[in-house]
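Engineer: File name my_file-v8.cif; file contents mmCIF, C-alpha atoms; full text below.
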```cif
data_final
loop_
_atom_site.group_PDB
_atom_site.id
_atom_site.type_symbol
_atom_site.label_atom_id
_atom_site.label_comp_id
_atom_site.auth_asym_id
_atom_site.auth_seq_id
_atom_site.Cartn_x
_atom_site.Cartn_y
_atom_site.Cartn_z
ATOM 1 C CA MET A 1 59.401 4.259 130.909
ATOM 2 C CA ALA A 2 62.726 5.303 129.439
ATOM 3 C CA THR A 3 62.960 8.202 127.018
ATOM 4 C CA GLY A 4 64.825 8.288 123.732
ATOM 5 C CA ARG A 5 67.401 10.768 125.000
ATOM 6 C CA THR A 6 68.948 8.447 127.563
ATOM 7 C CA HIS A 7 68.697 5.053 125.852
ATOM 8 C CA ARG A 8 69.867 4.120 122.359
ATOM 9 C CA PRO A 9 69.109 0.886 120.452
ATOM 10 C CA ALA A 10 71.645 -1.886 120.937
ATOM 11 C CA THR A 11 71.956 -2.922 117.296
ATOM 12 C CA ARG A 12 75.277 -1.210 116.558
ATOM 13 C CA SER A 13 76.989 -2.445 119.704
ATOM 14 C CA ARG A 14 75.823 -5.982 118.865
ATOM 15 C CA GLY A 15 77.320 -5.758 115.395
ATOM 16 C CA ILE A 16 74.095 -6.191 113.444
ATOM 17 C CA PRO A 17 74.636 -5.107 109.805
ATOM 18 C CA GLU A 18 72.751 -2.059 108.583
ATOM 19 C CA ALA A 19 71.118 -4.127 105.819
ATOM 20 C CA THR A 20 69.695 -6.442 108.473
ATOM 21 C CA VAL A 21 68.495 -3.502 110.560
ATOM 22 C CA ALA A 22 66.676 -2.148 107.494
ATOM 23 C CA ARG A 23 64.812 -5.455 107.131
ATOM 24 C CA LEU A 24 63.774 -5.790 110.777
ATOM 25 C CA PRO A 25 60.734 -3.492 110.363
ATOM 26 C CA LEU A 26 59.565 -5.670 107.453
ATOM 27 C CA TYR A 27 59.721 -8.769 109.652
ATOM 28 C CA LEU A 28 58.004 -6.944 112.496
ATOM 29 C CA ARG A 29 55.150 -5.810 110.254
ATOM 30 C CA ALA A 30 54.608 -9.358 108.982
ATOM 31 C CA LEU A 31 54.842 -10.824 112.494
ATOM 32 C CA THR A 32 52.421 -8.258 113.900
ATOM 33 C CA ALA A 33 49.869 -9.253 111.261
ATOM 34 C CA LEU A 34 50.314 -12.921 112.257
ATOM 35 C CA SER A 35 49.992 -12.044 115.942
ATOM 36 C CA GLU A 36 46.749 -10.174 115.288
ATOM 37 C CA ARG A 37 45.402 -13.371 113.689
ATOM 38 C CA SER A 38 46.528 -15.377 116.760
ATOM 39 C CA VAL A 39 49.010 -17.446 114.727
ATOM 40 C CA PRO A 40 51.370 -19.024 117.312
ATOM 41 C CA THR A 41 54.296 -20.092 115.110
ATOM 42 C CA VAL A 42 55.576 -19.425 111.614
ATOM 43 C CA SER A 43 58.155 -21.119 109.395
ATOM 44 C CA SER A 44 61.065 -19.179 107.921
ATOM 45 C CA GLU A 45 59.645 -19.751 104.434
ATOM 46 C CA GLU A 46 56.216 -18.373 105.358
ATOM 47 C CA LEU A 47 57.623 -15.355 107.178
ATOM 48 C CA ALA A 48 60.133 -14.634 104.401
ATOM 49 C CA ALA A 49 57.337 -14.663 101.826
ATOM 50 C CA ALA A 50 55.231 -12.309 103.954
ATOM 51 C CA ALA A 51 58.182 -9.924 104.410
ATOM 52 C CA GLY A 52 59.289 -10.090 100.770
ATOM 53 C CA VAL A 53 62.756 -11.576 101.290
ATOM 54 C CA ASN A 54 64.249 -15.030 100.734
ATOM 55 C CA SER A 55 64.236 -17.511 103.604
ATOM 56 C CA ALA A 56 68.040 -17.950 103.712
ATOM 57 C CA LYS A 57 68.492 -14.203 104.223
ATOM 58 C CA LEU A 58 65.800 -14.202 106.917
ATOM 59 C CA ARG A 59 67.492 -17.010 108.835
ATOM 60 C CA LYS A 60 70.828 -15.183 108.582
ATOM 61 C CA ASP A 61 69.234 -11.968 109.843
ATOM 62 C CA PHE A 62 67.640 -13.737 112.796
ATOM 63 C CA SER A 63 70.939 -15.388 113.690
ATOM 64 C CA TYR A 64 72.261 -11.904 114.549
ATOM 65 C CA LEU A 65 69.441 -11.674 117.091
ATOM 66 C CA GLY A 66 70.302 -15.073 118.538
ATOM 67 C CA SER A 67 67.004 -16.510 117.301
ATOM 68 C CA TYR A 68 67.223 -19.762 115.334
ATOM 69 C CA GLY A 69 63.716 -21.232 115.527
ATOM 70 C CA THR A 70 62.833 -24.874 116.169
ATOM 71 C CA ARG A 71 63.130 -27.504 113.450
ATOM 72 C CA GLY A 72 59.680 -28.735 112.443
ATOM 73 C CA VAL A 73 57.972 -26.000 114.449
ATOM 74 C CA GLY A 74 59.365 -22.684 113.232
ATOM 75 C CA TYR A 75 59.587 -19.395 115.093
ATOM 76 C CA ASP A 76 57.441 -18.334 118.037
ATOM 77 C CA VAL A 77 55.550 -15.300 116.708
ATOM 78 C CA GLU A 78 55.018 -13.442 119.999
ATOM 79 C CA TYR A 79 58.614 -13.916 121.091
ATOM 80 C CA LEU A 80 59.941 -12.659 117.760
ATOM 81 C CA VAL A 81 57.667 -9.598 117.955
ATOM 82 C CA TYR A 82 59.145 -8.797 121.362
ATOM 83 C CA GLN A 83 62.710 -9.587 120.309
ATOM 84 C CA ILE A 84 62.653 -7.426 117.181
ATOM 85 C CA SER A 85 60.787 -4.619 118.967
ATOM 86 C CA ARG A 86 63.487 -4.620 121.641
ATOM 87 C CA GLU A 87 66.315 -4.537 119.109
ATOM 88 C CA LEU A 88 64.680 -1.638 117.273
ATOM 89 C CA GLY A 89 64.194 0.245 120.532
ATOM 90 C CA LEU A 90 60.414 0.114 120.270
ATOM 91 C CA THR A 91 59.927 -1.061 123.845
ATOM 92 C CA GLN A 92 60.961 2.455 124.898
ATOM 93 C CA ASP A 93 59.126 5.752 124.655
ATOM 94 C CA TRP A 94 60.589 7.856 121.808
ATOM 95 C CA PRO A 95 59.372 11.455 121.842
ATOM 96 C CA VAL A 96 59.307 12.908 118.326
ATOM 97 C CA VAL A 97 58.867 16.449 117.018
ATOM 98 C CA ILE A 98 57.417 17.149 113.583
ATOM 99 C CA VAL A 99 58.578 20.415 112.017
ATOM 100 C CA GLY A 100 56.509 21.788 109.150
ATOM 101 C CA ILE A 101 52.764 21.347 109.547
ATOM 102 C CA GLY A 102 51.580 21.725 105.983
ATOM 103 C CA ASN A 103 49.569 19.018 104.250
ATOM 104 C CA LEU A 104 52.284 16.375 104.698
ATOM 105 C CA GLY A 105 53.156 17.338 108.273
ATOM 106 C CA ALA A 106 49.474 17.312 109.236
ATOM 107 C CA ALA A 107 49.052 13.888 107.638
ATOM 108 C CA LEU A 108 52.009 12.581 109.633
ATOM 109 C CA ALA A 109 50.592 14.077 112.820
ATOM 110 C CA ASN A 110 47.321 12.236 112.177
ATOM 111 C CA TYR A 111 49.053 8.916 111.508
ATOM 112 C CA GLY A 112 47.780 6.497 114.138
ATOM 113 C CA GLY A 113 50.666 4.050 113.922
ATOM 114 C CA PHE A 114 53.231 6.063 115.879
ATOM 115 C CA ALA A 115 51.941 5.264 119.362
ATOM 116 C CA SER A 116 51.603 1.533 118.711
ATOM 117 C CA ARG A 117 55.205 1.402 117.501
ATOM 118 C CA GLY A 118 56.862 3.143 120.440
ATOM 119 C CA PHE A 119 56.789 6.759 119.210
ATOM 120 C CA ARG A 120 55.070 9.695 120.887
ATOM 121 C CA VAL A 121 54.516 12.955 119.023
ATOM 122 C CA ALA A 122 55.790 15.407 121.622
ATOM 123 C CA ALA A 123 55.185 18.550 119.573
ATOM 124 C CA LEU A 124 54.145 19.941 116.209
ATOM 125 C CA ILE A 125 56.178 22.959 115.107
ATOM 126 C CA ASP A 126 55.655 25.439 112.284
ATOM 127 C CA ALA A 127 57.169 28.779 111.251
ATOM 128 C CA ASP A 128 53.808 30.352 110.365
ATOM 129 C CA PRO A 129 52.605 32.524 113.298
ATOM 130 C CA ALA A 130 49.019 31.987 112.130
ATOM 131 C CA MET A 131 49.395 28.255 112.850
ATOM 132 C CA ALA A 132 50.458 28.744 116.474
ATOM 133 C CA GLY A 133 47.925 27.316 118.887
ATOM 134 C CA LYS A 134 45.825 25.605 116.221
ATOM 135 C CA PRO A 135 45.172 21.955 117.064
ATOM 136 C CA VAL A 136 46.263 19.295 114.591
ATOM 137 C CA ALA A 137 45.491 15.704 115.554
ATOM 138 C CA GLY A 138 44.576 17.083 118.977
ATOM 139 C CA ILE A 139 48.011 18.684 119.485
ATOM 140 C CA PRO A 140 48.381 22.488 119.433
ATOM 141 C CA VAL A 141 50.946 23.677 116.892
ATOM 142 C CA ARG A 142 53.843 25.651 118.369
ATOM 143 C CA HIS A 143 56.033 28.252 116.700
ATOM 144 C CA THR A 144 59.601 27.493 115.639
ATOM 145 C CA ASP A 145 60.854 30.074 118.151
ATOM 146 C CA GLU A 146 60.124 27.445 120.814
ATOM 147 C CA LEU A 147 61.961 24.611 119.052
ATOM 148 C CA GLU A 148 65.016 24.412 121.322
ATOM 149 C CA LYS A 149 62.955 24.625 124.527
ATOM 150 C CA ILE A 150 60.559 21.946 123.301
ATOM 151 C CA ILE A 151 63.429 19.573 122.545
ATOM 152 C CA GLU A 152 65.044 20.156 125.922
ATOM 153 C CA ASP A 153 61.812 19.891 127.917
ATOM 154 C CA ASN A 154 60.732 16.655 126.223
ATOM 155 C CA GLY A 155 64.130 14.954 125.863
ATOM 156 C CA VAL A 156 63.633 14.666 122.114
ATOM 157 C CA SER A 157 66.277 12.827 120.082
ATOM 158 C CA ILE A 158 64.236 12.187 116.904
ATOM 159 C CA GLY A 159 63.034 14.954 114.617
ATOM 160 C CA VAL A 160 60.841 14.769 111.514
ATOM 161 C CA ILE A 161 61.316 17.468 108.876
ATOM 162 C CA ALA A 162 58.322 18.093 106.597
ATOM 163 C CA THR A 163 59.179 21.647 105.566
ATOM 164 C CA PRO A 164 59.734 23.034 102.064
ATOM 165 C CA ALA A 165 63.191 22.238 100.688
ATOM 166 C CA GLY A 166 64.504 25.781 101.202
ATOM 167 C CA ALA A 167 63.907 25.702 104.955
ATOM 168 C CA ALA A 168 64.982 22.122 105.643
ATOM 169 C CA GLN A 169 68.725 22.629 106.225
ATOM 170 C CA GLN A 170 68.202 25.497 108.650
ATOM 171 C CA VAL A 171 65.654 23.456 110.583
ATOM 172 C CA CYS A 172 68.048 20.505 110.548
ATOM 173 C CA ASP A 173 70.879 22.645 111.926
ATOM 174 C CA ARG A 174 68.690 23.893 114.758
ATOM 175 C CA LEU A 175 67.491 20.387 115.606
ATOM 176 C CA VAL A 176 71.051 19.069 115.725
ATOM 177 C CA ALA A 177 72.302 22.024 117.785
ATOM 178 C CA ALA A 178 69.477 21.412 120.267
ATOM 179 C CA GLY A 179 70.490 17.761 120.726
ATOM 180 C CA VAL A 180 68.500 15.801 118.127
ATOM 181 C CA THR A 181 70.620 12.914 116.830
ATOM 182 C CA SER A 182 68.200 11.196 114.414
ATOM 183 C CA ILE A 183 66.236 12.888 111.625
ATOM 184 C CA LEU A 184 63.560 11.624 109.261
ATOM 185 C CA ASN A 185 63.615 13.955 106.271
ATOM 186 C CA PHE A 186 60.588 14.357 103.993
ATOM 187 C CA ALA A 187 61.858 17.580 102.406
ATOM 188 C CA PRO A 188 63.008 17.116 98.779
ATOM 189 C CA THR A 189 66.622 18.004 99.504
ATOM 190 C CA VAL A 190 69.797 16.393 100.833
ATOM 191 C CA LEU A 191 70.699 17.427 104.373
ATOM 192 C CA THR A 192 74.225 17.925 105.677
ATOM 193 C CA VAL A 193 74.728 16.703 109.237
ATOM 194 C CA PRO A 194 77.752 16.120 111.492
ATOM 195 C CA ASP A 195 79.073 12.705 112.454
ATOM 196 C CA GLY A 196 76.889 10.987 115.006
ATOM 197 C CA VAL A 197 73.627 12.206 113.478
ATOM 198 C CA ASP A 198 71.554 9.694 111.484
ATOM 199 C CA VAL A 199 69.337 10.850 108.620
ATOM 200 C CA ARG A 200 66.727 8.781 106.815
ATOM 201 C CA LYS A 201 65.273 10.382 103.686
ATOM 202 C CA VAL A 202 61.824 9.691 102.301
ATOM 203 C CA ASP A 203 61.348 11.159 98.823
ATOM 204 C CA LEU A 204 58.024 10.166 97.322
ATOM 205 C CA SER A 205 58.835 11.724 93.941
ATOM 206 C CA ILE A 206 61.945 9.559 93.607
ATOM 207 C CA GLU A 207 59.967 6.427 94.426
ATOM 208 C CA LEU A 208 57.370 7.358 91.801
ATOM 209 C CA GLN A 209 60.116 7.940 89.234
ATOM 210 C CA ILE A 210 61.521 4.488 89.953
ATOM 211 C CA LEU A 211 58.064 2.982 89.470
ATOM 212 C CA ALA A 212 57.701 4.919 86.208
ATOM 213 C CA PHE A 213 61.002 3.406 85.028
ATOM 214 C CA HIS A 214 59.738 -0.116 85.738
ATOM 215 C CA GLU A 215 56.385 0.598 84.062
ATOM 216 C CA GLN A 216 58.187 1.834 80.960
ATOM 217 C CA ARG A 217 60.459 -1.221 80.993
ATOM 218 C CA LYS A 218 57.517 -3.617 81.357
ATOM 219 C CA ALA A 219 55.701 -1.912 78.492
ATOM 220 C CA GLY A 220 58.798 -2.315 76.313
ATOM 221 C CA GLU A 221 59.078 -5.989 77.193
ATOM 222 C CA GLU A 222 55.413 -6.596 76.404
ATOM 223 C CA THR A 223 55.971 -4.995 73.010
ATOM 224 C CA ALA A 224 59.061 -7.142 72.451
ATOM 225 C CA ALA A 225 57.205 -10.268 73.553
ATOM 226 C CA GLY A 226 54.436 -9.447 71.120
ATOM 227 C CA ASP A 227 57.054 -9.337 68.375
ATOM 228 C CA GLY A 228 58.255 -12.804 69.381
ATOM 229 C CA ALA A 229 61.282 -11.670 71.428
ATOM 230 C CA VAL A 230 62.099 -13.293 74.768
ATOM 231 C CA PRO A 231 61.855 -10.819 77.705
ATOM 232 C CA ALA A 232 65.249 -10.178 79.268
ATOM 233 C CA LYS A 233 63.889 -9.710 82.794
ATOM 234 C CA ARG A 234 62.626 -12.579 84.887
ATOM 235 C CA ALA A 235 59.166 -12.274 86.412
ATOM 236 C CA GLY A 236 58.996 -10.227 89.595
ATOM 237 C CA ALA A 237 62.394 -8.558 89.187
ATOM 238 C CA ALA A 238 60.850 -5.107 88.942
ATOM 239 C CA ASN A 239 59.774 -5.427 92.575
ATOM 240 C CA GLN A 240 63.202 -6.401 93.844
ATOM 241 C CA GLY A 241 66.369 -4.587 94.784
ATOM 242 C CA PRO A 242 69.872 -5.554 93.639
ATOM 243 C CA ASP A 243 70.199 -8.238 96.310
ATOM 244 C CA GLY A 244 66.745 -9.712 95.728
ATOM 245 C CA ASP A 245 64.965 -7.791 98.509
ATOM 246 C CA VAL A 246 61.756 -5.870 98.126
ATOM 247 C CA PRO A 247 62.789 -2.234 98.738
ATOM 248 C CA ALA A 248 60.814 -0.551 101.530
ATOM 249 C CA VAL A 249 60.098 3.156 101.776
ATOM 250 C CA MET A 250 58.081 3.266 104.973
ATOM 251 C CA PRO A 251 56.376 0.674 107.139
ATOM 252 C CA ALA A 252 52.614 0.632 106.712
#
```
Can the structure in the file be given as structure tokens, please?

Structural biologist:
Amino acid sequence: MATGRTHRPATRSRGIPEATVARLPLYLRALTALSERSVPTVSSEELAAAAGVNSAKLRKDFSYLGSYGTRGVGYDVEYLVYQISRELGLTQDWPVVIVGIGNLGAALANYGGFASRGFRVAALIDADPAMAGKPVAGIPVRHTDELEKIIEDNGVSIGVIATPAGAAQQVCDRLVAAGVTSILNFAPTVLTVPDGVDVRKVDLSIELQILAFHEQRKAGEETAAGDGAVPAKRAGAANQGPDGDVPAVMPA
């Protein structure tokens, strides 16, 4: 099976827009649920509703994959699962290192969904000498002194940073210097990386603040409605992004 170091996903070379790429995991999650229920086909309307997008956008997204469905029948679920998995690079073996094995890093290490989605946790790394050798999720933690060797030995191209904010940039620099070209950042800070390195940031506090904004707005509208005013926001808009999509933080 190919490793992440030698094979990259084909989406950029095929000209698939980044917005479409960001929605592919949503479609895959919905399709996987259908597959587990042995549903053979699905209409664009049904799949769009399950993924939280509109059907016209879904059909446009699938046209980039060369998949148009069959009128009156819909899309073949198993074929779409394979097709999207291939485009996302999930038919390959992607070794991943997680740096920072505190509460969050340990939770990520114990997440059972990595293996089923094409990712293999190659190593857990932490700067605390007392953590070295301790098993987390059945994997012994290794010290940051070994970071470069671990990346080279395992052909790692994806790194996950779950360190405190103050250590994140230094860890990022070391990962990049060792050959990592994609980083998932859970540290509450913005990372600076050179061209050719992709960073995805997951900030739970920001997501909670956005939800707090919507809760406050809904409470204000309920108050206004109670006073006889007409709410300015249509139903469901709090769950949608600027283009009508449901924003996704992480796949479940």

Engineer: Given the file above and the PyMOL selection byres ((chain A and resi 94-99) around 9), which residues are selected, and can you give them as a ChimeraX atom specification?

Structural biologist: /A:2-5,89-90,92-93,100-101,105,108-109,118-127,144,147,150-151,154-163,171

Engineer: Interatomic distance between CA of Gln170 in chain A and CA of Thr192 in chain A?

Structural biologist: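 According to the coordinates, CA of Gln170 in chain A and CA of Thr192 in chain A are separated by 10.1 Å.
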
Engineer: I need the residue nearest Ser85 in chain A from this list: A:Val53, A:Leu26, A:Val42, A:Ala132. Use only C-alpha atoms for the distance.

Structural biologist: A:Leu26

Engineer: What residues come out when you apply the PyMOL selection byres ((chain A and resi 148) around 9) to this file, written as a PyMOL selection string?

Structural biologist: chain A and resi 144-147+149-153+174-175+177-179

Engineer: Could you expand the PyMOL selection byres ((chain A and resi 50) around 12) into the explicit residues it covers here, written as an MDAnalysis selection string?

Structural biologist: chainID A and resid 26:34 42:49 51:55 58 246

Engineer: Keeping only C-alpha atoms, take the residues you just selected and write them out as a short mmCIF file (atom, residue, chain, number, x, y, z; two decimals), in the frame of the given file.

Structural biologist:
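This went into part.cif:
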```
data_model
loop_
_atom_site.label_atom_id
_atom_site.label_comp_id
_atom_site.auth_asym_id
_atom_site.auth_seq_id
_atom_site.Cartn_x
_atom_site.Cartn_y
_atom_site.Cartn_z
CA LEU A 26 59.56 -5.67 107.45
CA TYR A 27 59.72 -8.77 109.65
CA LEU A 28 58.00 -6.94 112.50
CA ARG A 29 55.15 -5.81 110.25
CA ALA A 30 54.61 -9.36 108.98
CA LEU A 31 54.84 -10.82 112.49
CA THR A 32 52.42 -8.26 113.90
CA ALA A 33 49.87 -9.25 111.26
CA LEU A 34 50.31 -12.92 112.26
CA VAL A 42 55.58 -19.42 111.61
CA SER A 43 58.16 -21.12 109.40
CA SER A 44 61.06 -19.18 107.92
CA GLU A 45 59.64 -19.75 104.43
CA GLU A 46 56.22 -18.37 105.36
CA LEU A 47 57.62 -15.36 107.18
CA ALA A 48 60.13 -14.63 104.40
CA ALA A 49 57.34 -14.66 101.83
CA ALA A 51 58.18 -9.92 104.41
CA GLY A 52 59.29 -10.09 100.77
CA VAL A 53 62.76 -11.58 101.29
CA ASN A 54 64.25 -15.03 100.73
CA SER A 55 64.24 -17.51 103.60
CA LEU A 58 65.80 -14.20 106.92
CA VAL A 246 61.76 -5.87 98.13
#
```

Engineer: If I take CA of Tyr79 in chain A and CA of Thr41 in chain A, how far is one from the other in Å, to one decimal?

Structural biologist: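 It comes out at 9.6 Å.
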
Engineer: From the list A:Pro40, A:Gly133, A:Pro17, A:Pro25, which residue is nearest Asp61 in chain A when using all atoms listed in the file?

Structural biologist: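 Smallest distance to Asp61 in chain A is found for A:Pro17.
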
Engineer: Would you mind reading off the distance between CA of Gly69 in chain A and CA of Ser116 in chain A, one decimal, in Å?

Structural biologist: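 Pair CA of Gly69 in chain A / CA of Ser116 in chain A returns 26.0 Å.
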
Engineer: Box in all listed atoms of range 174-178 of chain A, axis-aligned, with 8 Å more on each side; write out centre and edge lengths in Å to one decimal as AutoDock Vina command-line options.

Structural biologist:
```
--center_x 69.9 --center_y 21.5 --center_z 117.5 --size_x 20.8 --size_y 20.8 --size_z 21.5
```

Engineer: Using all atoms listed in the file, which protein or nucleic acid residues come within 9 Å of Thr189 in chain A? Drop anything in the same chain fewer than 2 positions from it, and give the result as a VMD selection string.

Structural biologist: chain A and resid 164 to 166 168 to 169 185 to 187 191 201 203

Engineer: Would you fill the gaps in range 171-181 of chain A so it has all heavy atoms, then print it as an mmCIF file, in the frame of the given file?

Structural biologist:
```
data_model
loop_
_atom_site.group_PDB
_atom_site.id
_atom_site.type_symbol
_atom_site.label_atom_id
_atom_site.label_comp_id
_atom_site.auth_asym_id
_atom_site.auth_seq_id
_atom_site.Cartn_x
_atom_site.Cartn_y
_atom_site.Cartn_z
ATOM 1 N N VAL A 171 66.361 24.194 109.536
ATOM 2 C CA VAL A 171 65.654 23.456 110.583
ATOM 3 C C VAL A 171 66.517 22.308 111.094
ATOM 4 O O VAL A 171 66.617 22.069 112.310
ATOM 5 C CB VAL A 171 64.308 22.921 110.048
ATOM 6 C CG1 VAL A 171 63.699 21.910 111.023
ATOM 7 C CG2 VAL A 171 63.346 24.065 109.798
ATOM 8 N N CYS A 172 67.157 21.609 110.173
ATOM 9 C CA CYS A 172 68.048 20.505 110.548
ATOM 10 C C CYS A 172 69.161 20.989 111.470
ATOM 11 O O CYS A 172 69.439 20.366 112.495
ATOM 12 C CB CYS A 172 68.621 19.873 109.291
ATOM 13 S SG CYS A 172 69.864 18.602 109.579
ATOM 14 N N ASP A 173 69.776 22.108 111.111
ATOM 15 C CA ASP A 173 70.879 22.645 111.926
ATOM 16 C C ASP A 173 70.406 22.973 113.336
ATOM 17 O O ASP A 173 71.109 22.710 114.321
ATOM 18 C CB ASP A 173 71.457 23.893 111.269
ATOM 19 C CG ASP A 173 72.174 23.590 109.957
ATOM 20 O OD1 ASP A 173 72.509 22.413 109.723
ATOM 21 O OD2 ASP A 173 72.390 24.539 109.168
ATOM 22 N N ARG A 174 69.223 23.544 113.436
ATOM 23 C CA ARG A 174 68.690 23.893 114.758
ATOM 24 C C ARG A 174 68.359 22.638 115.569
ATOM 25 O O ARG A 174 68.607 22.584 116.778
ATOM 26 C CB ARG A 174 67.456 24.779 114.614
ATOM 27 C CG ARG A 174 67.760 26.200 114.158
ATOM 28 C CD ARG A 174 66.509 27.046 114.092
ATOM 29 N NE ARG A 174 65.888 27.214 115.403
ATOM 30 C CZ ARG A 174 64.721 27.828 115.612
ATOM 31 N NH1 ARG A 174 64.045 28.308 114.570
ATOM 32 N NH2 ARG A 174 64.227 27.946 116.826
ATOM 33 N N LEU A 175 67.793 21.639 114.916
ATOM 34 C CA LEU A 175 67.491 20.387 115.606
ATOM 35 C C LEU A 175 68.760 19.753 116.156
ATOM 36 O O LEU A 175 68.811 19.334 117.320
ATOM 37 C CB LEU A 175 66.795 19.411 114.655
ATOM 38 C CG LEU A 175 65.352 19.730 114.259
ATOM 39 C CD1 LEU A 175 64.891 18.786 113.155
ATOM 40 C CD2 LEU A 175 64.421 19.631 115.453
ATOM 41 N N VAL A 176 69.784 19.693 115.311
ATOM 42 C CA VAL A 176 71.051 19.069 115.725
ATOM 43 C C VAL A 176 71.693 19.863 116.864
ATOM 44 O O VAL A 176 72.168 19.290 117.852
ATOM 45 C CB VAL A 176 72.007 18.961 114.520
ATOM 46 C CG1 VAL A 176 73.396 18.527 114.979
ATOM 47 C CG2 VAL A 176 71.455 17.982 113.491
ATOM 48 N N ALA A 177 71.705 21.190 116.738
ATOM 49 C CA ALA A 177 72.302 22.024 117.785
ATOM 50 C C ALA A 177 71.570 21.866 119.114
ATOM 51 O O ALA A 177 72.175 21.990 120.185
ATOM 52 C CB ALA A 177 72.295 23.488 117.348
ATOM 53 N N ALA A 178 70.268 21.564 119.039
ATOM 54 C CA ALA A 178 69.477 21.412 120.267
ATOM 55 C C ALA A 178 69.599 20.017 120.871
ATOM 56 O O ALA A 178 69.079 19.771 121.963
ATOM 57 C CB ALA A 178 68.013 21.720 119.963
ATOM 58 N N GLY A 179 70.259 19.089 120.163
ATOM 59 C CA GLY A 179 70.490 17.761 120.726
ATOM 60 C C GLY A 179 69.836 16.615 119.993
ATOM 61 O O GLY A 179 69.975 15.455 120.401
ATOM 62 N N VAL A 180 69.115 16.882 118.906
ATOM 63 C CA VAL A 180 68.500 15.801 118.127
ATOM 64 C C VAL A 180 69.595 15.044 117.374
ATOM 65 O O VAL A 180 70.447 15.650 116.736
ATOM 66 C CB VAL A 180 67.460 16.368 117.138
ATOM 67 C CG1 VAL A 180 67.029 15.314 116.125
ATOM 68 C CG2 VAL A 180 66.254 16.895 117.907
ATOM 69 N N THR A 181 69.563 13.730 117.447
ATOM 70 C CA THR A 181 70.620 12.914 116.830
ATOM 71 C C THR A 181 70.096 11.982 115.736
ATOM 72 O O THR A 181 70.871 11.257 115.127
ATOM 73 C CB THR A 181 71.349 12.083 117.894
ATOM 74 O OG1 THR A 181 70.387 11.362 118.683
ATOM 75 C CG2 THR A 181 72.172 12.977 118.815
#
```
